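S.K.: Input structure: final-v1.tsv, which contains TSV, C-alpha atoms.
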```tsv
chain	number	residue	atom	x	y	z
I	1	MET	CA	9.08	-13.57	-0.97
I	2	LYS	CA	8.27	-12.76	-4.59
I	3	SER	CA	7.48	-9.40	-6.22
I	4	LEU	CA	6.12	-8.13	-9.51
I	5	PHE	CA	5.36	-4.77	-11.06
I	6	ILE	CA	2.33	-5.38	-13.28
I	7	GLU	CA	2.69	-3.38	-16.50
I	8	GLU	CA	-0.97	-3.33	-17.48
I	9	GLU	CA	-3.26	-0.88	-15.72
I	10	ILE	CA	-5.75	-2.47	-13.35
I	11	LYS	CA	-8.80	-0.73	-11.93
I	12	TYR	CA	-8.71	-1.45	-8.21
I	13	ILE	CA	-12.25	-2.12	-6.97
I	14	GLY	CA	-11.50	-3.94	-3.72
I	15	SER	CA	-12.20	-7.48	-4.89
I	16	GLN	CA	-8.48	-7.91	-5.64
I	17	LEU	CA	-7.85	-8.04	-1.89
I	18	SER	CA	-8.64	-11.73	-1.68
I	19	PRO	CA	-6.70	-14.93	-0.98
I	20	HIS	CA	-4.61	-16.23	-3.86
I	21	TRP	CA	-5.48	-13.29	-6.16
I	22	ILE	CA	-1.76	-12.80	-6.84
I	23	TYR	CA	-1.22	-16.52	-7.48
I	24	LYS	CA	-4.31	-16.98	-9.67
I	25	ASN	CA	-3.58	-13.92	-11.81
I	26	PHE	CA	0.23	-13.73	-11.89
I	27	ASN	CA	1.41	-17.25	-10.95
I	28	LEU	CA	3.31	-16.07	-7.85
I	29	LEU	CA	2.82	-18.84	-5.29
I	30	GLY	CA	3.38	-18.08	-1.61
I	31	ASP	CA	4.30	-14.81	0.07
I	32	ALA	CA	4.26	-12.05	-2.53
I	33	ILE	CA	3.96	-8.32	-3.13
I	34	VAL	CA	2.73	-6.81	-6.40
I	35	ALA	CA	2.27	-3.24	-7.60
I	36	PHE	CA	0.23	-1.76	-10.43
I	37	THR	CA	-1.33	1.52	-11.50
I	38	GLY	CA	-4.88	2.39	-12.44
I	39	GLU	CA	-8.10	3.99	-11.34
I	40	MET	CA	-9.41	3.17	-7.87
I	41	ASP	CA	-13.14	2.90	-7.25
I	42	VAL	CA	-14.08	0.96	-4.13
I	43	LYS	CA	-17.81	0.91	-3.43
I	44	ILE	CA	-19.23	0.38	0.04
I	45	THR	CA	-20.16	-3.22	-0.87
I	46	GLU	CA	-16.46	-4.07	-1.41
I	47	MET	CA	-15.17	-2.29	1.71
I	48	VAL	CA	-13.14	-4.29	4.21
I	49	ASP	CA	-12.82	-1.44	6.74
I	50	ILE	CA	-16.03	-1.54	8.80
I	51	GLU	CA	-15.41	2.05	9.97
I	52	ASP	CA	-15.60	3.20	6.32
I	53	VAL	CA	-18.78	1.18	5.81
I	54	ILE	CA	-20.44	2.73	8.87
I	55	SER	CA	-19.45	6.24	7.81
I	56	ASP	CA	-20.53	5.51	4.19
I	57	SER	CA	-17.10	6.51	2.85
I	58	PRO	CA	-16.40	5.05	-0.59
I	59	ILE	CA	-12.89	5.46	-2.03
I	60	TYR	CA	-12.09	6.94	-5.42
I	61	SER	CA	-9.04	8.26	-7.25
I	62	LYS	CA	-8.53	8.84	-10.95
I	63	LYS	CA	-5.15	7.08	-10.82
I	64	MET	CA	-3.21	5.33	-8.05
I	65	VAL	CA	-0.28	3.02	-7.62
I	66	SER	CA	-1.51	0.05	-5.63
I	67	PHE	CA	0.48	-2.46	-3.60
I	68	ILE	CA	-1.07	-5.78	-2.68
I	69	ILE	CA	0.70	-8.10	-0.27
I	70	GLU	CA	-0.26	-11.64	0.64
I	71	GLN	CA	1.63	-13.44	3.38
I	72	PHE	CA	0.86	-16.84	4.84
I	73	GLY	CA	1.14	-17.97	8.44
I	74	ILE	CA	0.75	-14.56	10.07
I	75	THR	CA	-1.75	-13.30	12.61
I	76	MET	CA	-4.09	-10.35	12.12
I	77	LYS	CA	-1.98	-8.24	14.45
I	78	GLU	CA	1.21	-9.11	12.56
I	79	CYS	CA	-0.55	-8.21	9.31
I	80	VAL	CA	-1.34	-4.74	10.70
I	81	LEU	CA	2.26	-4.35	11.90
I	82	ARG	CA	3.51	-5.25	8.42
I	83	GLN	CA	1.09	-2.74	6.92
I	84	ARG	CA	2.59	-0.06	9.19
I	85	PHE	CA	6.17	-0.86	8.22
I	86	LEU	CA	5.12	-0.77	4.54
I	87	ILE	CA	3.81	2.76	5.16
I	88	CYS	CA	7.11	3.73	6.84
I	89	ILE	CA	9.08	2.31	3.89
I	90	ILE	CA	6.94	4.33	1.47
I	91	ILE	CA	7.59	7.52	3.44
I	92	GLU	CA	11.34	6.85	3.47
I	93	GLU	CA	11.34	6.25	-0.30
I	94	LEU	CA	9.32	9.43	-0.87
I	95	LYS	CA	11.81	11.45	1.18
I	96	LYS	CA	14.68	10.09	-0.93
I	97	ILE	CA	12.98	11.57	-4.00
I	98	ILE	CA	11.56	14.87	-2.73
I	99	GLY	CA	13.90	15.59	0.19
I	100	ASP	CA	12.59	18.29	2.51
I	101	LYS	CA	10.46	20.02	-0.12
I	102	TYR	CA	7.26	18.79	1.56
I	103	LYS	CA	6.54	17.70	5.11
I	104	ILE	CA	5.32	14.10	5.08
I	105	THR	CA	3.60	12.65	8.14
I	106	ARG	CA	2.02	9.37	9.11
I	107	SER	CA	-1.10	8.91	11.19
I	108	GLY	CA	-1.67	5.21	11.73
I	109	ASP	CA	-1.74	3.74	8.24
I	110	ASP	CA	-2.38	7.07	6.47
I	111	ILE	CA	0.21	9.27	4.77
I	112	PHE	CA	-0.32	13.03	4.65
I	113	VAL	CA	1.66	15.68	2.81
I	114	ASN	CA	1.69	19.34	3.80
I	115	ILE	CA	1.22	21.35	0.62
I	116	ASN	CA	1.07	25.13	1.00
I	117	GLY	CA	0.23	24.81	4.69
I	118	LYS	CA	-2.57	22.29	4.18
I	119	GLU	CA	-2.47	18.58	5.08
I	120	LYS	CA	-3.54	16.47	2.11
I	121	LYS	CA	-4.06	12.71	2.13
I	122	LEU	CA	-1.78	10.73	-0.16
I	123	SER	CA	-2.74	7.16	0.70
I	124	VAL	CA	-5.37	4.61	1.50
I	125	SER	CA	-4.51	1.34	3.21
I	126	ILE	CA	-6.11	-1.69	4.78
I	127	ALA	CA	-4.87	-4.91	6.34
I	128	THR	CA	-7.10	-7.94	6.78
I	129	LYS	CA	-6.99	-11.67	7.28
I	130	SER	CA	-8.39	-14.35	5.04
I	131	ILE	CA	-8.86	-17.96	6.09
I	132	THR	CA	-5.42	-18.75	4.62
I	133	SER	CA	-3.35	-15.55	4.70
I	134	GLY	CA	-2.77	-11.97	5.72
I	135	LEU	CA	-3.64	-9.40	3.06
I	136	ILE	CA	-2.59	-5.76	2.71
I	137	HIS	CA	-3.59	-3.16	0.17
I	138	THR	CA	-2.00	0.27	0.07
I	139	GLY	CA	-2.77	2.79	-2.64
I	140	LEU	CA	-1.01	6.10	-3.29
I	141	ASN	CA	-2.68	8.74	-5.40
I	142	ILE	CA	-0.91	9.57	-8.65
I	143	ASP	CA	-3.76	11.84	-9.74
I	144	PRO	CA	-6.34	12.29	-6.95
I	145	THR	CA	-9.02	13.83	-9.16
I	146	GLY	CA	-12.44	12.82	-7.83
I	147	ALA	CA	-11.21	11.77	-4.38
I	148	PRO	CA	-13.90	12.28	-1.71
I	149	VAL	CA	-11.31	13.82	0.67
I	150	ASP	CA	-8.72	16.58	0.34
I	151	ALA	CA	-6.01	14.55	-1.38
I	152	CYS	CA	-2.71	14.99	-3.20
I	153	GLY	CA	-0.94	12.96	-5.85
I	154	LEU	CA	2.56	11.66	-6.48
I	155	THR	CA	2.66	13.20	-9.95
I	156	THR	CA	0.11	16.02	-9.78
I	157	ASP	CA	1.43	17.54	-6.54
I	158	LEU	CA	4.84	16.05	-5.74
I	159	GLY	CA	6.19	15.90	-9.30
I	160	ILE	CA	7.11	12.21	-9.12
I	161	THR	CA	6.84	10.72	-12.59
I	162	GLU	CA	8.91	7.52	-12.32
I	163	ILE	CA	6.12	5.56	-10.65
I	164	LYS	CA	7.33	2.11	-11.75
I	165	GLU	CA	10.84	2.73	-10.36
I	166	PHE	CA	9.38	4.09	-7.11
I	167	ALA	CA	7.07	1.06	-6.74
I	168	LYS	CA	9.90	-1.39	-7.42
I	169	ASN	CA	12.06	0.29	-4.78
I	170	VAL	CA	9.24	0.05	-2.23
I	171	MET	CA	8.71	-3.65	-3.00
I	172	LYS	CA	12.47	-4.36	-2.81
I	173	ARG	CA	12.69	-2.63	0.57
I	174	TYR	CA	9.63	-4.51	1.89
I	175	ILE	CA	11.17	-7.85	0.92
I	176	GLU	CA	14.50	-6.86	2.51
I	177	GLU	CA	12.73	-5.91	5.76
I	178	ASP	CA	10.71	-9.12	5.73
I	179	THR	CA	13.89	-11.19	5.23
I	180	GLU	CA	15.76	-9.28	7.95
I	181	ILE	CA	12.87	-9.77	10.41
I	182	THR	CA	12.95	-13.52	9.82
I	183	GLU	CA	16.74	-13.63	10.17
I	184	ALA	CA	16.66	-11.51	13.34
I	185	ALA	CA	14.12	-13.89	14.86
I	186	CYS	CA	16.30	-16.90	13.99
I	187	LYS	CA	19.69	-15.66	15.17
I	188	VAL	CA	19.02	-15.05	18.85
I	189	ARG	CA	19.27	-17.44	21.75
I	190	GLY	CA	16.16	-17.92	23.85
I	191	VAL	CA	16.32	-16.85	27.51
```
If you took the structure in this file and wrote it as structure tokens, what would it be?
M.R.:
Amino acid sequence: MKSLFIEEEIKYIGSQLSPHWIYKNFNLLGDAIVAFTGEMDVKITEMVDIEDVISDSPIYSKKMVSFIIEQFGITMKECVLRQRFLICIIIEELKKIIGDKYKITRSGDDIFVNINGKEKKLSVSIATKSITSGLIHTGLNIDPTGAPVDACGLTTDLGITEIKEFAKNVMKRYIEEDTEITEAACKVRGV
């Protein structure tokens, strides 16, 4: 599995969650994970989550770090499971940085941080299936200004400024988990 931190800022509008976007734009063929920062502005017309469409809930953040994963040969259910372990990896990496300063919780594929007794949303995430691959997008607020929900940011609220290093650690851990899952599946005897 390949990874890349994209140095240039990219405005995430939802259309990037499409088959071969990583390959076409960054020449990474096959299973890959990329990360980048930039504004997020996903209109209802670009929404993949039907629940968000029905509730007319667009997504906006002044600045986020986004992770996009494309993996081939996986089912929709496996894609959702991989999305969940990505979220768990992110939480573990956050705890390495901030320790016990803030209580971080997960509800499904959402990450919340308790700041001054109030739960604030840190993330957005979606997993979907294209005709050729499983696709995951997870975004973490850096600066949640303009978010339509009560949100917090990595930098504005948690004081995390080394976003590139954090993103690279998350991608490295995801690849390690992916490799270990494959190896675990290969090393056992069928019964």
S.K.: With all atoms of segment 127-130 of chain I from the file as input, state the centre and edge lengths in Å to one decimal of the axis-aligned box that has 4 Å extra on each side, as AutoDock Vina command-line options.
M.R.:
```
--center_x -6.6 --center_y -9.6 --center_z 6.2 --size_x 11.5 --size_y 17.4 --size_z 10.2
```
S.K.: What is the distance, in Å and to one decimal place, between atom CA of Lys95 of chain I and atom CA of Glu39 of chain I?
M.R.: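 Separation between atom CA of Lys95 of chain I and atom CA of Glu39 of chain I: 24.7 Å.
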S.K.: What does the distance between atom CA of Ala185 of chain I and atom CA of Asp31 of chain I come to in Å, to one decimal place?
M.R.: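 We find that atom CA of Ala185 of chain I and atom CA of Asp31 of chain I lie 17.8 Å from each other.
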S.K.: Which residues are close to Ser3 of chain I, i.e. within 10 Å by all atoms listed in the file, leaving aside same-chain residues fewer than 3 positions away? Reply as a list in words.
M.R.: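 My reading of the contact set: Ile6, Ile22, Leu28, Asp31, Ala32, Ile33, Val34, Ala35, Ile68, Ile69, Lys168, Met171, Lys172, Tyr174 and Ile175 of chain I.
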S.K.: Which is closer to Asn141 of chain I than all the others in I:Lys62, I:Lys101, I:Lys11, I:Arg82, using only C-alpha atoms?
M.R.: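 When distances to Asn141 of chain I are compared using only C-alpha atoms, the smallest one comes from I:Lys62.
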S.K.: One number please: atom CA of Pro148 of chain I to atom CA of Leu17 of chain I, in Å, one decimal.
M.R.: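 Result for atom CA of Pro148 of chain I versus atom CA of Leu17 of chain I: 21.2 Å, one decimal.
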S.K.: Can you pull out every residue within 12 Å of Asp150 of chain I, counting all atoms listed in the file, but drop anything in the same chain fewer than 4 positions away, and send it as a PyMOL selection string?
M.R.: chain I and resi 60-61+112-115+118-123+141+144-146
S.K.: With all atoms listed in the file as the basis for distance, which of I:Thr156, I:Glu162, I:Gln16, I:Leu29 is at the shortest distance from Val42 of chain I?
M.R.: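 Using all atoms listed in the file, Val42 of chain I sits closest to I:Gln16.
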S.K.: Could you give me, as a list in words, the residues that have an atom at most 12 Å away from the point (-11.0, -14.6, -2.8) in the coordinates of the file, using only C-alpha atoms?
M.R.: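 The answer, in the requested form, is Gly14, Ser15, Gln16, Leu17, Ser18, Pro19, His20, Trp21, Ile22, Tyr23, Lys24, Asn25, Glu46, Glu70, Lys129, Ser130, Ile131, Thr132, Ser133 and Leu135 of chain I.
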S.K.: Set the distance at 8 Å and use all atoms listed in the file: which residues neighbour Ser125 of chain I once local chain neighbours fewer than 2 positions away are removed? I'd like the list as a tab-separated table (two decimals) with C-alpha atoms, keeping the file's coordinate frame.
M.R.:
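Listing of selection-v6.tsv after writing:
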```
chain	number	residue	atom	x	y	z
I	83	GLN	CA	1.09	-2.74	6.92
I	109	ASP	CA	-1.74	3.74	8.24
I	110	ASP	CA	-2.38	7.07	6.47
I	123	SER	CA	-2.74	7.16	0.70
I	127	ALA	CA	-4.87	-4.91	6.34
I	136	ILE	CA	-2.59	-5.76	2.71
I	137	HIS	CA	-3.59	-3.16	0.17
I	138	THR	CA	-2.00	0.27	0.07
I	139	GLY	CA	-2.77	2.79	-2.64
```
S.K.: Output as a tab-separated table (two decimals), in the coordinates of the input: segment 72-99 of chain I, completed with N, CA and C atoms.
M.R.:
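Ended up saving to part.tsv:
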```
chain	number	residue	atom	x	y	z
I	72	PHE	N	1.48	-15.69	4.20
I	72	PHE	CA	0.86	-16.84	4.84
I	72	PHE	C	1.47	-17.05	6.23
I	73	GLY	N	0.65	-17.62	7.12
I	73	GLY	CA	1.14	-17.97	8.44
I	73	GLY	C	1.37	-16.79	9.37
I	74	ILE	N	0.63	-15.71	9.17
I	74	ILE	CA	0.75	-14.56	10.07
I	74	ILE	C	-0.60	-14.26	10.72
I	75	THR	N	-0.54	-13.67	11.89
I	75	THR	CA	-1.75	-13.30	12.61
I	75	THR	C	-2.29	-11.97	12.08
I	76	MET	N	-3.50	-11.63	12.49
I	76	MET	CA	-4.09	-10.35	12.12
I	76	MET	C	-3.24	-9.20	12.64
I	77	LYS	N	-2.79	-9.32	13.87
I	77	LYS	CA	-1.98	-8.24	14.45
I	77	LYS	C	-0.66	-8.08	13.69
I	78	GLU	N	-0.03	-9.18	13.33
I	78	GLU	CA	1.21	-9.11	12.56
I	78	GLU	C	0.95	-8.50	11.18
I	79	CYS	N	-0.19	-8.80	10.61
I	79	CYS	CA	-0.55	-8.21	9.31
I	79	CYS	C	-0.63	-6.69	9.42
I	80	VAL	N	-1.25	-6.19	10.48
I	80	VAL	CA	-1.34	-4.74	10.70
I	80	VAL	C	0.04	-4.14	10.92
I	81	LEU	N	0.89	-4.83	11.69
I	81	LEU	CA	2.26	-4.35	11.90
I	81	LEU	C	3.02	-4.27	10.57
I	82	ARG	N	2.85	-5.26	9.73
I	82	ARG	CA	3.51	-5.25	8.42
I	82	ARG	C	2.97	-4.12	7.54
I	83	GLN	N	1.68	-3.87	7.65
I	83	GLN	CA	1.09	-2.74	6.92
I	83	GLN	C	1.76	-1.44	7.36
I	84	ARG	N	1.96	-1.28	8.67
I	84	ARG	CA	2.59	-0.06	9.19
I	84	ARG	C	4.03	0.07	8.72
I	85	PHE	N	4.79	-1.04	8.69
I	85	PHE	CA	6.17	-0.86	8.22
I	85	PHE	C	6.21	-0.65	6.71
I	86	LEU	N	5.22	-1.13	5.96
I	86	LEU	CA	5.12	-0.77	4.54
I	86	LEU	C	4.93	0.74	4.41
I	87	ILE	N	4.06	1.31	5.21
I	87	ILE	CA	3.81	2.76	5.16
I	87	ILE	C	5.10	3.52	5.48
I	88	CYS	N	5.84	3.07	6.48
I	88	CYS	CA	7.11	3.73	6.84
I	88	CYS	C	8.12	3.63	5.70
I	89	ILE	N	8.18	2.48	5.04
I	89	ILE	CA	9.08	2.31	3.89
I	89	ILE	C	8.69	3.28	2.78
I	90	ILE	N	7.40	3.40	2.51
I	90	ILE	CA	6.94	4.33	1.47
I	90	ILE	C	7.37	5.75	1.80
I	91	ILE	N	7.19	6.16	3.04
I	91	ILE	CA	7.59	7.52	3.44
I	91	ILE	C	9.10	7.71	3.25
I	92	GLU	N	9.89	6.74	3.65
I	92	GLU	CA	11.34	6.85	3.47
I	92	GLU	C	11.71	6.96	2.00
I	93	GLU	N	11.05	6.18	1.14
I	93	GLU	CA	11.34	6.25	-0.30
I	93	GLU	C	10.89	7.59	-0.89
I	94	LEU	N	9.76	8.11	-0.41
I	94	LEU	CA	9.32	9.43	-0.87
I	94	LEU	C	10.33	10.51	-0.51
I	95	LYS	N	10.84	10.44	0.72
I	95	LYS	CA	11.81	11.45	1.18
I	95	LYS	C	13.11	11.39	0.38
I	96	LYS	N	13.49	10.21	-0.08
I	96	LYS	CA	14.68	10.09	-0.93
I	96	LYS	C	14.49	10.88	-2.23
I	97	ILE	N	13.27	10.91	-2.72
I	97	ILE	CA	12.98	11.57	-4.00
I	97	ILE	C	12.77	13.07	-3.82
I	98	ILE	N	11.94	13.45	-2.84
I	98	ILE	CA	11.56	14.87	-2.73
I	98	ILE	C	12.32	15.63	-1.65
I	99	GLY	N	13.13	14.92	-0.86
I	99	GLY	CA	13.90	15.59	0.19
I	99	GLY	C	13.00	16.29	1.20
```
